[in-house]
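Chemist: Got a structure for you, protein-v7.txt, holding compact mmCIF, C-alpha atoms and all ligand atoms.
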```txt
# COMPACT_ATOMS: atom_id res chain seq x y z
CA MET A 1 -17.34 -12.69 -15.32
CA LEU A 2 -14.59 -14.94 -13.95
CA VAL A 3 -15.55 -17.10 -10.96
CA GLU A 4 -12.98 -19.14 -9.03
CA ALA A 5 -13.70 -21.48 -6.11
CA TYR A 6 -11.31 -23.16 -3.68
CA GLY A 7 -11.56 -25.49 -0.67
CA CYS A 8 -14.25 -28.03 0.05
CA THR A 9 -17.24 -29.24 -1.97
CA LEU A 10 -19.53 -27.01 0.10
CA ASN A 11 -17.65 -23.88 -0.98
CA HIS A 12 -17.69 -25.07 -4.61
CA GLY A 13 -21.43 -25.74 -4.26
CA GLU A 14 -22.05 -22.19 -3.04
CA ALA A 15 -19.99 -20.87 -5.97
CA GLN A 16 -22.08 -23.02 -8.33
CA GLU A 17 -25.27 -21.44 -6.91
CA PHE A 18 -23.75 -17.97 -7.42
CA ILE A 19 -22.94 -18.84 -11.05
CA GLU A 20 -26.49 -20.09 -11.65
CA THR A 21 -27.96 -16.77 -10.42
CA ILE A 22 -25.49 -14.75 -12.46
CA LEU A 23 -26.38 -16.72 -15.59
CA LYS A 24 -30.11 -16.22 -14.91
CA GLN A 25 -29.46 -12.48 -14.74
CA GLY A 26 -28.08 -12.79 -18.28
CA HIS A 27 -24.36 -12.46 -17.47
CA LYS A 28 -21.79 -14.85 -18.81
CA ILE A 29 -18.97 -16.81 -17.22
CA VAL A 30 -15.50 -16.89 -18.78
CA ALA A 31 -12.40 -18.95 -18.06
CA ASP A 32 -9.90 -16.29 -19.10
CA GLU A 33 -9.41 -13.34 -16.75
CA ALA A 34 -8.50 -10.98 -19.61
CA GLN A 35 -12.01 -11.47 -21.03
CA ALA A 36 -13.79 -10.83 -17.74
CA ASP A 37 -15.34 -7.54 -16.67
CA ALA A 38 -15.54 -8.62 -13.04
CA TYR A 39 -14.12 -11.32 -10.75
CA ALA A 40 -15.58 -13.37 -7.91
CA ILE A 41 -13.33 -15.57 -5.80
CA PHE A 42 -14.79 -18.11 -3.33
CA THR A 43 -12.03 -18.40 -0.77
CA CYS A 44 -10.94 -21.03 1.74
CA GLY A 45 -8.79 -20.50 4.84
CA VAL A 46 -8.66 -23.96 6.37
CA ILE A 47 -4.86 -23.92 6.83
CA LYS A 48 -2.17 -21.24 6.73
CA THR A 49 -0.83 -22.34 3.31
CA THR A 50 -4.31 -22.07 1.77
CA GLU A 51 -4.77 -18.60 3.25
CA LYS A 52 -1.43 -17.48 1.76
CA HIS A 53 -2.44 -18.88 -1.62
CA MET A 54 -5.80 -17.06 -1.47
CA LEU A 55 -4.15 -13.73 -0.59
CA LYS A 56 -1.64 -14.16 -3.42
CA ARG A 57 -4.47 -14.84 -5.90
CA ILE A 58 -6.47 -11.82 -4.66
CA GLY A 59 -3.31 -9.73 -5.11
CA GLN A 60 -3.05 -10.90 -8.75
CA LEU A 61 -6.73 -10.17 -9.49
CA VAL A 62 -6.55 -6.70 -7.95
CA LEU A 63 -3.73 -5.63 -10.30
CA ASP A 64 -6.37 -4.55 -12.80
CA ASN A 65 -8.26 -2.19 -10.52
CA SER A 66 -10.71 -1.20 -13.26
CA LYS A 67 -12.53 -4.48 -12.65
CA MET A 68 -14.93 -5.18 -9.83
CA LEU A 69 -13.73 -7.83 -7.34
CA LEU A 70 -15.99 -9.86 -5.03
CA VAL A 71 -14.24 -11.86 -2.32
CA CYS A 72 -16.66 -14.52 -1.06
CA GLY A 73 -16.33 -17.64 1.10
CA CYS A 74 -14.59 -18.41 4.36
CA LEU A 75 -11.52 -16.17 4.34
CA GLY A 76 -13.70 -13.05 4.58
CA ASN A 77 -14.71 -14.15 8.09
CA ILE A 78 -11.33 -15.60 9.07
CA ASN A 79 -9.01 -12.75 8.10
CA PRO A 80 -10.90 -9.78 6.58
CA GLU A 81 -8.07 -7.37 7.56
CA ALA A 82 -5.55 -9.17 5.36
CA ILE A 83 -7.94 -9.10 2.38
CA MET A 84 -8.73 -5.38 2.78
CA LYS A 85 -5.04 -4.55 3.03
CA ILE A 86 -4.42 -6.10 -0.39
CA ALA A 87 -7.73 -5.22 -2.01
CA PRO A 88 -9.29 -2.18 -0.27
CA ASN A 89 -11.95 -1.80 -2.98
CA ALA A 90 -13.04 -5.43 -2.93
CA GLN A 91 -16.56 -6.27 -1.80
CA LEU A 92 -16.51 -8.91 0.91
CA PHE A 93 -19.13 -11.63 1.38
CA GLY A 94 -18.93 -14.41 3.95
CA PRO A 95 -19.63 -18.11 3.38
CA SER A 96 -23.26 -18.88 2.42
CA GLU A 97 -23.76 -15.27 1.29
CA GLN A 98 -23.73 -16.18 -2.41
CA SER A 99 -27.21 -14.80 -3.08
CA LEU A 100 -26.26 -11.44 -1.50
CA ALA A 101 -23.14 -11.42 -3.66
CA SER A 102 -25.10 -12.09 -6.84
CA ASN A 103 -27.46 -9.18 -6.03
CA VAL A 104 -24.53 -6.86 -6.73
CA PHE A 105 -24.94 -7.70 -10.41
CA SER A 106 -28.73 -7.67 -10.72
CA ASP A 107 -28.84 -4.09 -12.10
CA PHE A 108 -25.76 -4.35 -14.29
CA GLN A 109 -25.72 -4.31 -18.09
CA HIS A 110 -24.97 -7.80 -19.37
CA PHE A 111 -21.27 -8.45 -19.78
CA GLU A 112 -20.20 -9.18 -23.34
CA THR A 113 -18.02 -12.23 -22.89
CA VAL A 114 -17.68 -15.87 -23.88
CA THR A 115 -19.50 -18.70 -22.13
CA VAL A 116 -17.42 -21.64 -20.92
CA SER A 117 -18.94 -25.00 -21.69
CA LEU A 118 -18.33 -27.44 -18.87
CA GLN A 119 -18.44 -31.13 -19.80
CA SER A 120 -19.66 -32.23 -16.44
CA LYS A 121 -22.83 -33.89 -15.21
CA VAL A 122 -21.90 -33.36 -11.56
CA GLY A 123 -24.23 -31.16 -9.50
CA ILE A 124 -23.42 -29.95 -6.00
CA LEU A 125 -26.22 -29.91 -3.44
CA PRO A 126 -25.35 -28.01 -0.22
CA ILE A 127 -27.68 -29.11 2.59
CA ALA A 128 -26.29 -27.16 5.56
CA THR A 129 -23.54 -24.83 6.68
CA GLY A 130 -21.80 -24.67 10.07
CA CYS A 131 -21.61 -27.51 12.56
CA THR A 132 -22.32 -28.55 16.16
CA GLY A 133 -18.75 -29.60 16.97
CA ASN A 134 -16.03 -27.79 18.81
CA CYS A 135 -12.77 -29.15 17.40
CA SER A 136 -9.84 -27.40 19.03
CA TYR A 137 -7.93 -26.84 15.75
CA CYS A 138 -10.75 -25.82 13.41
CA ILE A 139 -10.97 -22.29 12.03
CA THR A 140 -14.08 -23.11 10.03
CA LYS A 141 -16.14 -22.67 13.19
CA LYS A 142 -15.11 -19.00 13.08
CA ALA A 143 -15.88 -18.80 9.36
CA ARG A 144 -19.20 -20.61 9.22
CA GLY A 145 -20.56 -20.55 12.77
CA PRO A 146 -23.22 -22.88 14.20
CA LEU A 147 -25.26 -25.40 12.21
CA HIS A 148 -27.81 -23.99 9.82
CA SER A 149 -29.67 -26.64 7.82
CA ARG A 150 -31.60 -25.80 4.68
CA SER A 151 -35.21 -27.00 4.57
CA ILE A 152 -35.97 -30.35 2.93
CA GLN A 153 -38.25 -28.51 0.49
CA GLU A 154 -35.51 -26.08 -0.59
CA ILE A 155 -33.00 -28.93 -1.07
CA LYS A 156 -35.52 -31.01 -3.02
CA GLN A 157 -36.28 -28.11 -5.36
CA ARG A 158 -32.60 -27.61 -6.05
CA LEU A 159 -32.16 -31.33 -6.71
CA GLU A 160 -35.08 -31.23 -9.20
CA MET A 161 -33.42 -28.28 -10.93
CA LEU A 162 -30.04 -30.08 -11.13
CA VAL A 163 -31.65 -33.27 -12.47
CA ALA A 164 -33.66 -31.27 -15.03
CA ARG A 165 -30.34 -29.72 -16.13
CA GLY A 166 -28.97 -33.23 -16.76
CA CYS A 167 -26.79 -33.75 -13.66
CA VAL A 168 -26.41 -37.47 -12.92
CA GLU A 169 -23.95 -37.33 -10.00
CA ILE A 170 -25.33 -35.29 -7.11
CA GLN A 171 -22.85 -34.39 -4.39
CA VAL A 172 -24.78 -33.83 -1.15
CA CYS A 173 -22.50 -31.73 1.05
CA ALA A 174 -22.17 -29.95 4.38
CA GLN A 175 -19.38 -29.53 6.89
CA ASP A 176 -20.85 -32.58 8.61
CA ALA A 177 -23.66 -34.26 6.66
CA ALA A 178 -24.41 -36.61 9.60
CA ILE A 179 -25.76 -33.73 11.69
CA TYR A 180 -28.10 -32.43 8.99
CA GLY A 181 -31.44 -31.25 10.39
CA HIS A 182 -30.56 -31.19 14.08
CA ASP A 183 -31.42 -27.51 14.28
CA ALA A 184 -34.77 -28.14 12.57
CA GLY A 185 -36.08 -31.39 14.07
CA SER A 186 -35.07 -33.48 11.09
CA ASN A 187 -32.22 -35.78 10.04
CA LEU A 188 -30.24 -37.07 7.07
CA GLY A 189 -32.42 -40.19 6.76
CA ASN A 190 -35.62 -38.08 6.40
CA LEU A 191 -33.92 -35.87 3.84
CA LEU A 192 -32.70 -38.80 1.72
CA ASP A 193 -36.14 -40.45 1.86
CA GLU A 194 -37.59 -37.30 0.33
CA LEU A 195 -34.81 -36.86 -2.27
CA GLU A 196 -35.38 -40.42 -3.41
CA THR A 197 -38.86 -39.49 -4.61
CA VAL A 198 -37.41 -37.14 -7.24
CA LYS A 199 -37.80 -38.70 -10.68
CA GLY A 200 -34.87 -38.97 -13.06
CA ASN A 201 -31.53 -40.60 -13.71
CA PHE A 202 -29.17 -39.64 -10.87
CA MET A 203 -26.99 -41.03 -8.08
CA ILE A 204 -26.23 -39.33 -4.76
CA ARG A 205 -22.79 -39.06 -3.18
CA ILE A 206 -23.00 -38.24 0.51
CA GLY A 207 -20.22 -35.96 1.72
CA MET A 208 -18.08 -35.83 4.84
CA MET A 209 -19.57 -37.02 8.15
CA ASN A 210 -18.02 -36.66 11.60
CA PRO A 211 -17.63 -40.11 13.27
CA ALA A 212 -19.09 -38.74 16.54
CA ASN A 213 -22.39 -37.95 14.81
CA VAL A 214 -22.42 -41.03 12.56
CA LYS A 215 -22.10 -43.10 15.74
CA LYS A 216 -25.17 -41.39 17.24
CA HIS A 217 -27.31 -41.96 14.13
CA LEU A 218 -25.76 -45.11 12.72
CA ASP A 219 -29.00 -47.06 12.10
CA ASP A 220 -30.72 -44.16 10.29
CA ILE A 221 -27.66 -43.48 8.17
CA LEU A 222 -27.17 -47.15 7.26
CA ARG A 223 -30.82 -47.36 6.27
CA ALA A 224 -30.44 -44.29 4.05
CA TYR A 225 -27.41 -45.88 2.35
CA GLU A 226 -29.55 -48.92 1.37
CA SER A 227 -31.12 -46.79 -1.35
CA PRO A 228 -29.94 -47.87 -4.84
CA ARG A 229 -29.61 -44.15 -5.60
CA VAL A 230 -26.85 -43.69 -2.99
CA PHE A 231 -23.21 -44.39 -3.90
CA LYS A 232 -21.70 -46.78 -1.35
CA PHE A 233 -19.03 -44.25 -0.43
CA LEU A 234 -18.24 -43.19 3.12
CA HIS A 235 -16.13 -40.14 3.94
CA LEU A 236 -15.31 -40.55 7.62
CA PRO A 237 -12.50 -38.20 8.74
CA VAL A 238 -10.86 -39.90 11.74
CA GLN A 239 -7.98 -37.31 12.06
CA SER A 240 -5.85 -39.49 14.40
CA GLY A 241 -5.53 -43.09 15.54
CA SER A 242 -4.57 -42.02 19.07
CA ASP A 243 -7.32 -41.57 21.66
CA SER A 244 -5.31 -39.02 23.63
CA VAL A 245 -4.78 -36.87 20.50
CA LEU A 246 -8.47 -37.23 19.61
CA GLU A 247 -9.28 -35.98 23.09
CA THR A 248 -7.10 -32.86 22.77
CA MET A 249 -8.61 -32.32 19.35
CA ASN A 250 -12.08 -32.36 21.05
CA ARG A 251 -13.37 -34.83 18.48
CA ALA A 252 -15.82 -36.53 20.88
CA TYR A 253 -15.09 -40.12 19.75
CA ILE A 254 -12.32 -42.69 20.09
CA ALA A 255 -10.50 -44.61 17.34
CA GLN A 256 -12.54 -47.72 18.13
CA ASP A 257 -15.75 -45.82 17.22
CA TYR A 258 -14.32 -45.17 13.74
CA GLU A 259 -13.52 -48.87 13.37
CA ASP A 260 -16.97 -49.93 14.62
CA ILE A 261 -18.68 -47.64 12.09
CA ILE A 262 -16.58 -49.05 9.24
CA LYS A 263 -17.35 -52.59 10.38
CA ALA A 264 -21.10 -51.84 10.39
CA PHE A 265 -20.89 -50.28 6.91
CA ARG A 266 -18.73 -53.04 5.43
CA SER A 267 -20.96 -55.79 6.78
CA ARG A 268 -23.84 -54.26 4.76
CA PHE A 269 -21.87 -52.93 1.77
CA PRO A 270 -18.75 -55.13 1.50
CA ASP A 271 -17.15 -53.33 -1.47
CA MET A 272 -17.91 -49.78 -0.40
CA ALA A 273 -15.27 -47.08 -0.86
CA LEU A 274 -13.87 -45.49 2.28
CA SER A 275 -12.24 -42.08 2.50
CA THR A 276 -10.65 -40.59 5.60
CA ASP A 277 -8.59 -37.59 6.72
CA ILE A 278 -5.58 -37.56 9.04
CA ILE A 279 -3.83 -34.61 10.69
CA VAL A 280 -0.16 -35.27 11.50
CA GLY A 281 1.93 -33.26 13.94
CA PHE A 282 -0.96 -32.10 16.16
CA PRO A 283 0.43 -30.46 19.37
CA GLY A 284 1.59 -33.17 21.75
CA GLU A 285 1.49 -35.97 19.14
CA SER A 286 4.15 -38.46 20.30
CA ASP A 287 5.82 -41.17 18.19
CA GLU A 288 3.48 -43.64 19.85
CA ASP A 289 0.43 -41.56 18.87
CA PHE A 290 1.66 -41.40 15.30
CA GLN A 291 2.22 -45.17 15.24
CA ALA A 292 -1.41 -45.55 16.37
CA SER A 293 -2.50 -43.52 13.31
CA LEU A 294 -0.39 -45.71 11.02
CA SER A 295 -1.77 -48.92 12.42
CA LEU A 296 -5.37 -47.65 12.26
CA ILE A 297 -4.86 -46.86 8.57
CA ARG A 298 -3.29 -50.29 7.99
CA ARG A 299 -6.31 -51.97 9.63
CA SER A 300 -9.06 -49.87 8.04
CA LYS A 301 -7.46 -49.72 4.53
CA PRO A 302 -9.21 -46.60 3.14
CA ASP A 303 -9.41 -46.05 -0.62
CA LEU A 304 -8.66 -42.38 -0.19
CA ILE A 305 -6.62 -40.71 2.58
CA ASN A 306 -6.30 -36.93 2.85
CA ILE A 307 -3.23 -36.05 4.89
CA THR A 308 -2.74 -32.58 6.39
CA ARG A 309 0.18 -31.37 8.46
CA PHE A 310 -1.20 -29.53 11.52
CA SER A 311 -1.53 -25.81 10.84
CA SER A 312 -1.94 -23.50 13.79
CA ARG A 313 -4.80 -21.04 13.15
CA PRO A 314 -5.03 -17.89 15.29
CA GLY A 315 -8.28 -17.79 17.25
CA THR A 316 -8.45 -21.54 17.85
CA GLU A 317 -7.78 -23.41 21.09
CA ALA A 318 -4.94 -25.40 19.49
CA HIS A 319 -3.16 -22.12 18.63
CA GLU A 320 -2.57 -21.60 22.36
CA MET A 321 -1.09 -25.09 22.90
CA THR A 322 2.58 -24.91 23.72
CA ASN A 323 3.63 -28.52 23.08
CA SER A 324 4.03 -28.19 19.30
CA VAL A 325 5.68 -30.92 17.27
CA PHE A 326 9.03 -30.02 15.70
CA PRO A 327 8.30 -29.12 12.01
CA GLY A 328 10.93 -31.60 10.75
CA THR A 329 9.21 -34.40 12.69
CA ALA A 330 5.78 -33.45 11.32
CA ARG A 331 7.22 -33.44 7.78
CA LYS A 332 8.78 -36.88 8.32
CA ARG A 333 5.50 -38.27 9.65
CA SER A 334 3.57 -36.82 6.75
CA LYS A 335 6.02 -38.47 4.30
CA GLU A 336 5.73 -41.83 6.04
CA LEU A 337 1.95 -41.72 6.07
CA THR A 338 1.87 -40.67 2.41
CA LYS A 339 4.03 -43.71 1.55
CA LEU A 340 1.60 -45.98 3.41
CA ARG A 341 -1.35 -44.24 1.76
CA PHE A 342 -0.06 -45.05 -1.72
CA GLN A 343 0.68 -48.65 -0.74
CA ILE A 344 -2.82 -49.19 0.61
CA THR A 345 -4.79 -47.36 -2.08
CA GLY A 346 -2.62 -49.03 -4.78
CA GLN A 347 -3.36 -52.50 -3.32
CA ASN A 348 -7.08 -51.71 -3.06
CA TYR A 349 -7.23 -50.72 -6.71
CA LYS A 350 -4.88 -53.46 -8.03
CA ARG A 351 -7.28 -56.07 -6.66
CA MET A 352 -9.86 -54.79 -9.14
CA ILE A 353 -7.79 -55.38 -12.31
CA GLY A 354 -9.65 -57.74 -14.66
CA GLN A 355 -13.04 -57.18 -12.98
CA LYS A 356 -16.09 -56.23 -15.00
CA VAL A 357 -18.06 -53.42 -13.38
CA ARG A 358 -20.92 -51.10 -14.28
CA ALA A 359 -20.03 -47.43 -14.10
CA LEU A 360 -21.70 -44.09 -14.70
CA ALA A 361 -20.09 -41.58 -17.10
CA SER A 362 -20.17 -38.30 -15.20
CA GLU A 363 -17.40 -35.98 -16.43
CA CYS A 364 -15.17 -35.32 -19.39
CA LEU A 365 -12.56 -32.86 -18.15
CA ILE A 366 -9.77 -33.73 -20.61
CA GLU A 367 -10.64 -34.17 -24.26
CA GLY A 368 -10.71 -37.81 -25.30
CA THR A 369 -11.18 -39.19 -21.78
CA THR A 370 -14.21 -39.81 -19.58
CA ILE A 371 -14.41 -40.09 -15.81
CA MET A 372 -16.73 -42.86 -14.64
CA ARG A 373 -17.98 -43.85 -11.18
CA THR A 374 -18.86 -47.37 -10.05
CA LYS A 375 -21.77 -47.90 -7.62
CA ASN A 376 -19.12 -47.70 -4.88
CA TYR A 377 -17.88 -44.37 -6.25
CA LYS A 378 -14.54 -45.79 -7.40
CA PRO A 379 -13.15 -43.56 -10.15
CA ILE A 380 -12.32 -45.11 -13.56
CA VAL A 381 -10.76 -43.18 -16.41
CA ILE A 382 -11.68 -44.36 -19.93
CA PRO A 383 -9.60 -43.20 -22.93
CA GLU A 384 -12.69 -42.41 -25.01
CA THR A 385 -15.26 -39.65 -25.14
CA LEU A 386 -18.45 -41.32 -23.97
CA GLU A 387 -21.98 -40.04 -23.75
CA LEU A 388 -22.28 -38.56 -20.25
CA GLY A 389 -25.10 -39.68 -17.98
CA LYS A 390 -25.13 -43.28 -19.25
CA TRP A 391 -24.10 -46.52 -17.47
CA TYR A 392 -21.52 -48.69 -19.24
CA GLU A 393 -19.99 -52.09 -18.59
CA ILE A 394 -16.27 -51.61 -18.05
CA VAL A 395 -13.31 -53.98 -17.78
CA ILE A 396 -10.67 -52.69 -15.36
CA THR A 397 -7.29 -52.81 -17.08
CA GLU A 398 -4.88 -50.85 -14.85
CA ALA A 399 -4.64 -49.40 -11.35
CA GLU A 400 -3.00 -46.09 -10.52
CA HIS A 401 -2.55 -44.88 -6.92
CA VAL A 402 -5.84 -43.01 -6.74
CA TYR A 403 -7.89 -44.17 -9.72
CA LEU A 404 -8.49 -47.04 -12.09
CA LYS A 405 -8.15 -47.26 -15.84
CA GLY A 406 -10.51 -49.32 -17.96
CA LYS A 407 -12.08 -49.97 -21.32
CA ILE A 408 -15.64 -50.50 -22.48
CA ASN A 409 -16.68 -54.14 -22.54
CA HIS A 410 -18.16 -54.37 -26.03
CA ASN A 411 -19.17 -58.00 -25.48
CA VAL A 412 -22.35 -57.07 -23.61
S1 LIG A 501 -15.59 -24.75 5.10
FE1 LIG A 501 -13.41 -25.10 5.62
S2 LIG A 501 -12.58 -26.29 3.85
FE2 LIG A 501 -14.57 -25.39 3.19
S3 LIG A 501 -13.94 -23.46 2.20
FE3 LIG A 501 -14.41 -22.98 4.36
S4 LIG A 501 -12.41 -23.08 5.42
FE4 LIG A 501 -12.18 -24.12 3.42
```
Rewrite the coordinates I just gave you, this time as structure tokens.
Modeler:
Amino acid sequence: MLVEAYGCTLNHGEAQEFIETILKQGHKIVADEAQADAYAIFTCGVIKTTEKHMLKRIGQLVLDNSKMLLVCGCLGNINPEAIMKIAPNAQLFGPSEQSLASNVFSDFQHFETVTVSLQSKVGILPIATGCTGNCSYCITKKARGPLHSRSIQEIKQRLEMLVARGCVEIQVCAQDAAIYGHDAGSNLGNLLDELETVKGNFMIRIGMMNPANVKKHLDDILRAYESPRVFKFLHLPVQSGSDSVLETMNRAYIAQDYEDIIKAFRSRFPDMALSTDIIVGFPGESDEDFQASLSLIRRSKPDLINITRFSSRPGTEAHEMTNSVFPGTARKRSKELTKLRFQITGQNYKRMIGQKVRALASECLIEGTTIMRTKNYKPIVIPETLELGKWYEIVITEAEHVYLKGKINHNV
């Protein structure tokens, strides 16, 4: 079977759970579609361009109509009509319905295909789906609905399984990890306390957290980050540096809140890695608003900046807004922010050249190279095949825009 996943870590995590069930049933996963007897595609529909890409891919997979096609993930809830038009025989499953999707195969004869061996020690650990927010531009609300947190016990069992399988980098993910447990009388701090008791060699990377909810639970979250098992990596999507744009986006915080959170984190973890997201060209975004985003980025100096040009999604509040930004202006702003992004991330990484750091070997995606992560989750590429799951002492030799290059320090 061929399984493809797109979009965020959460969607990839749900695809990973689907693959695990399929493998337990005795089926095999292949990388080449010609060798597959069936396809499953875990779709994303966060922006219009992604939706178009998904529909194009579904159209390619459906060309061989002798093969079963499962369309899973968010697009099935966002635009099922478009999928059914292209692939009327496809079976549709929404996000978080991976176990229902895998049931389709429980009675099937085992497929005779080739197993793909993945050189990765990264395990994805979904903790919740849905959220409590009401962002005016977000289509994911339609796709994934309200917050539904998994139980601490269920998450812990999955972590034990991933660790037993040899995963050393555990990516804890949700649409908003900061709000974990609010529907079940729990919180992220309680969850991490429990996960810490799992024995084994692993580090946890905490996924995206909405600043509005981090602000509400700052002390608990900071305490959870004290754990030596937690990468000092904060993904805090600010979306805009302008308070009036943040208000029309319904983000429930102001730019100063984002800065206060970063200040609190950096005072405890001075070298932590910061990642943020910015939307440019949101309806009504003036030049002044855009300048506010640029200056916020200059002040906060993230190590990673995801830039998205506003995409109007039918069914959202922002789709009805009439004060759209001229596409040429949005493109220009995106270019300017991208230029700043490379300047800032380049400077952040250049500062590390010559430093000796400890890093964990977690993936080997290209033969002859290994991807390592420092305790602050900074990525280092080493031009050697190293034993995955081990910590090494590395000397940083070069800085690219979004990663570092290094070599093993054989003097230790
Ligand atoms: S939750 Fe959002 S980003 Fe993730 S797959 Fe769904 S639409 Fe895409």
Chemist: How would you report the residues lying within 8 Å of ligand LIG 501 (chain A), as a PyMOL selection string, if you count only C-alpha atoms and all ligand atoms?
Modeler: chain A and resi 6-12+42-47+73-75+95+130+139-140+143-144+175
Chemist: Taking the point (-36.5, -40.5, 2.1) as given in the file, collect each protein or nucleic acid residue that comes within 12 Å of it, counting only C-alpha atoms, and present the set as a JSON list (two decimals) with C-alpha atoms, in the coordinates of the input.
Modeler:
```json
[["chain", "number", "residue", "atom", "x", "y", "z"],
["A", 152, "ILE", "CA", -35.97, -30.35, 2.93],
["A", 156, "LYS", "CA", -35.52, -31.01, -3.02],
["A", 186, "SER", "CA", -35.07, -33.48, 11.09],
["A", 187, "ASN", "CA", -32.22, -35.78, 10.04],
["A", 188, "LEU", "CA", -30.24, -37.07, 7.07],
["A", 189, "GLY", "CA", -32.42, -40.19, 6.76],
["A", 190, "ASN", "CA", -35.62, -38.08, 6.40],
["A", 191, "LEU", "CA", -33.92, -35.87, 3.84],
["A", 192, "LEU", "CA", -32.70, -38.80, 1.72],
["A", 193, "ASP", "CA", -36.14, -40.45, 1.86],
["A", 194, "GLU", "CA", -37.59, -37.30, 0.33],
["A", 195, "LEU", "CA", -34.81, -36.86, -2.27],
["A", 196, "GLU", "CA", -35.38, -40.42, -3.41],
["A", 197, "THR", "CA", -38.86, -39.49, -4.61],
["A", 198, "VAL", "CA", -37.41, -37.14, -7.24],
["A", 220, "ASP", "CA", -30.72, -44.16, 10.29],
["A", 221, "ILE", "CA", -27.66, -43.48, 8.17],
["A", 223, "ARG", "CA", -30.82, -47.36, 6.27],
["A", 224, "ALA", "CA", -30.44, -44.29, 4.05],
["A", 225, "TYR", "CA", -27.41, -45.88, 2.35],
["A", 226, "GLU", "CA", -29.55, -48.92, 1.37],
["A", 227, "SER", "CA", -31.12, -46.79, -1.35],
["A", 229, "ARG", "CA", -29.61, -44.15, -5.60],
["A", 230, "VAL", "CA", -26.85, -43.69, -2.99]]
```
Chemist: What's the separation between atom CA of A:Arg373 and atom CA of A:Ile155, in Å to one decimal place?
Modeler: 23.5 Å
Chemist: When you look at stretch 54-70 of chain A with a cut-off of 9 Å (counting only C-alpha atoms), what residues show up, excluding the ones that are within fewer than 4 positions of it in the same chain? I need them as a list in words.
Modeler: Tyr6, Glu33, Ala36, Asp37, Ala38, Tyr39, Ala40, Ile41, Phe42, Thr43, Cys44, Gly45, Thr49, Thr50, Leu75, Ala82, Ile83, Ile86, Ala87, Asn89, Ala90, Gln91, Leu92, Phe93 and Ala101 of chain A
Chemist: Rounded to one decimal place, report the atom CA of A:Met272-atom CA of A:Asn348 distance in Å.
Modeler: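 Interatomic distance, atom CA of A:Met272 to atom CA of A:Asn348: 11.3 Å.
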Chemist: Which of these, A:Met84, A:Ala184, A:Cys135, A:Ala318, has the shortest distance to A:Asn210 once you count all atoms listed in the file?
Modeler: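 Of the candidates, the smallest distance to A:Asn210 is held by A:Cys135.
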Chemist: Report, in Å to a single decimal, how far apart atom CA of A:Ser286 and atom CA of A:Leu246 are.
Modeler: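 Between atom CA of A:Leu246 and atom CA of A:Ser286 the gap is 12.7 Å.
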Chemist: Quick one: of A:Ile261, A:Val245, A:Ile396, A:Met321, who's nearest to A:Gln355, counting only C-alpha atoms?
Modeler: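 For A:Gln355, the nearest of the candidates is A:Ile396.
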Chemist: Taking into account all atoms listed in the file, which residue in the set A:Gly133, A:Asp277, A:Arg205, A:Gly185 is nearest to A:Pro237?
Modeler: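 The shortest atom-to-atom distance to A:Pro237 comes from A:Asp277.
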Chemist: Could you work out an axis-aligned bounding box for all listed atoms of stretch 397-409 of chain A, with 6 Å added on each of the six sides, and give its centre and edge lengths in Å to one decimal, as AutoDock Vina command-line options?
Modeler:
```
--center_x -9.6 --center_y -48.6 --center_z -14.6 --size_x 26.1 --size_y 23.1 --size_z 27.8
```
Chemist: Of the candidates A:Thr338, A:Thr132, A:Gln25, A:Ser240, which shows the shortest atom-to-atom distance to A:Val104, using only C-alpha atoms?
Modeler: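 Smallest separation from A:Val104 among the options: A:Gln25.
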Chemist: Pick out the closest residue to A:Cys131 from this set: A:Thr276, A:Gln35, A:Thr21, A:Asn213. Count only C-alpha atoms.
Modeler: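 Comparing A:Thr276, A:Gln35, A:Thr21, A:Asn213 against A:Cys131, the winner is A:Asn213.
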Chemist: Which of these residues is nearest to A:Glu169, using all atoms listed in the file: A:Gly123, A:Gly76, A:Gly241, A:Gly315?
Modeler: A:Gly123
Chemist: Leaving out A:Leu360 and any residue of its chain fewer than 6 positions from it, which residues lie within 7 Å of it when counting all atoms listed in the file, given as a list of chain:residue names?
Modeler: A:Met372, A:Arg373, A:Thr374, A:Gly389, A:Lys390, A:Trp391, A:Tyr392
Chemist: With all atoms listed in the file as the counted atoms, please give the residues lying no more than 12 Å from A:Ser136, apart from itself and same-chain residues fewer than 3 positions off, as a PyMOL selection string.
Modeler: chain A and resi 133+139-142+245-252+282-283+310-321
Chemist: Name the residues, using the chain letters and numbers of the file, that sit within 6 Å of (-18.7, -51.5, -14.5) when counting all atoms listed in the file, and give them as a ChimeraX atom specification.
Modeler: /A:356-359,393-394
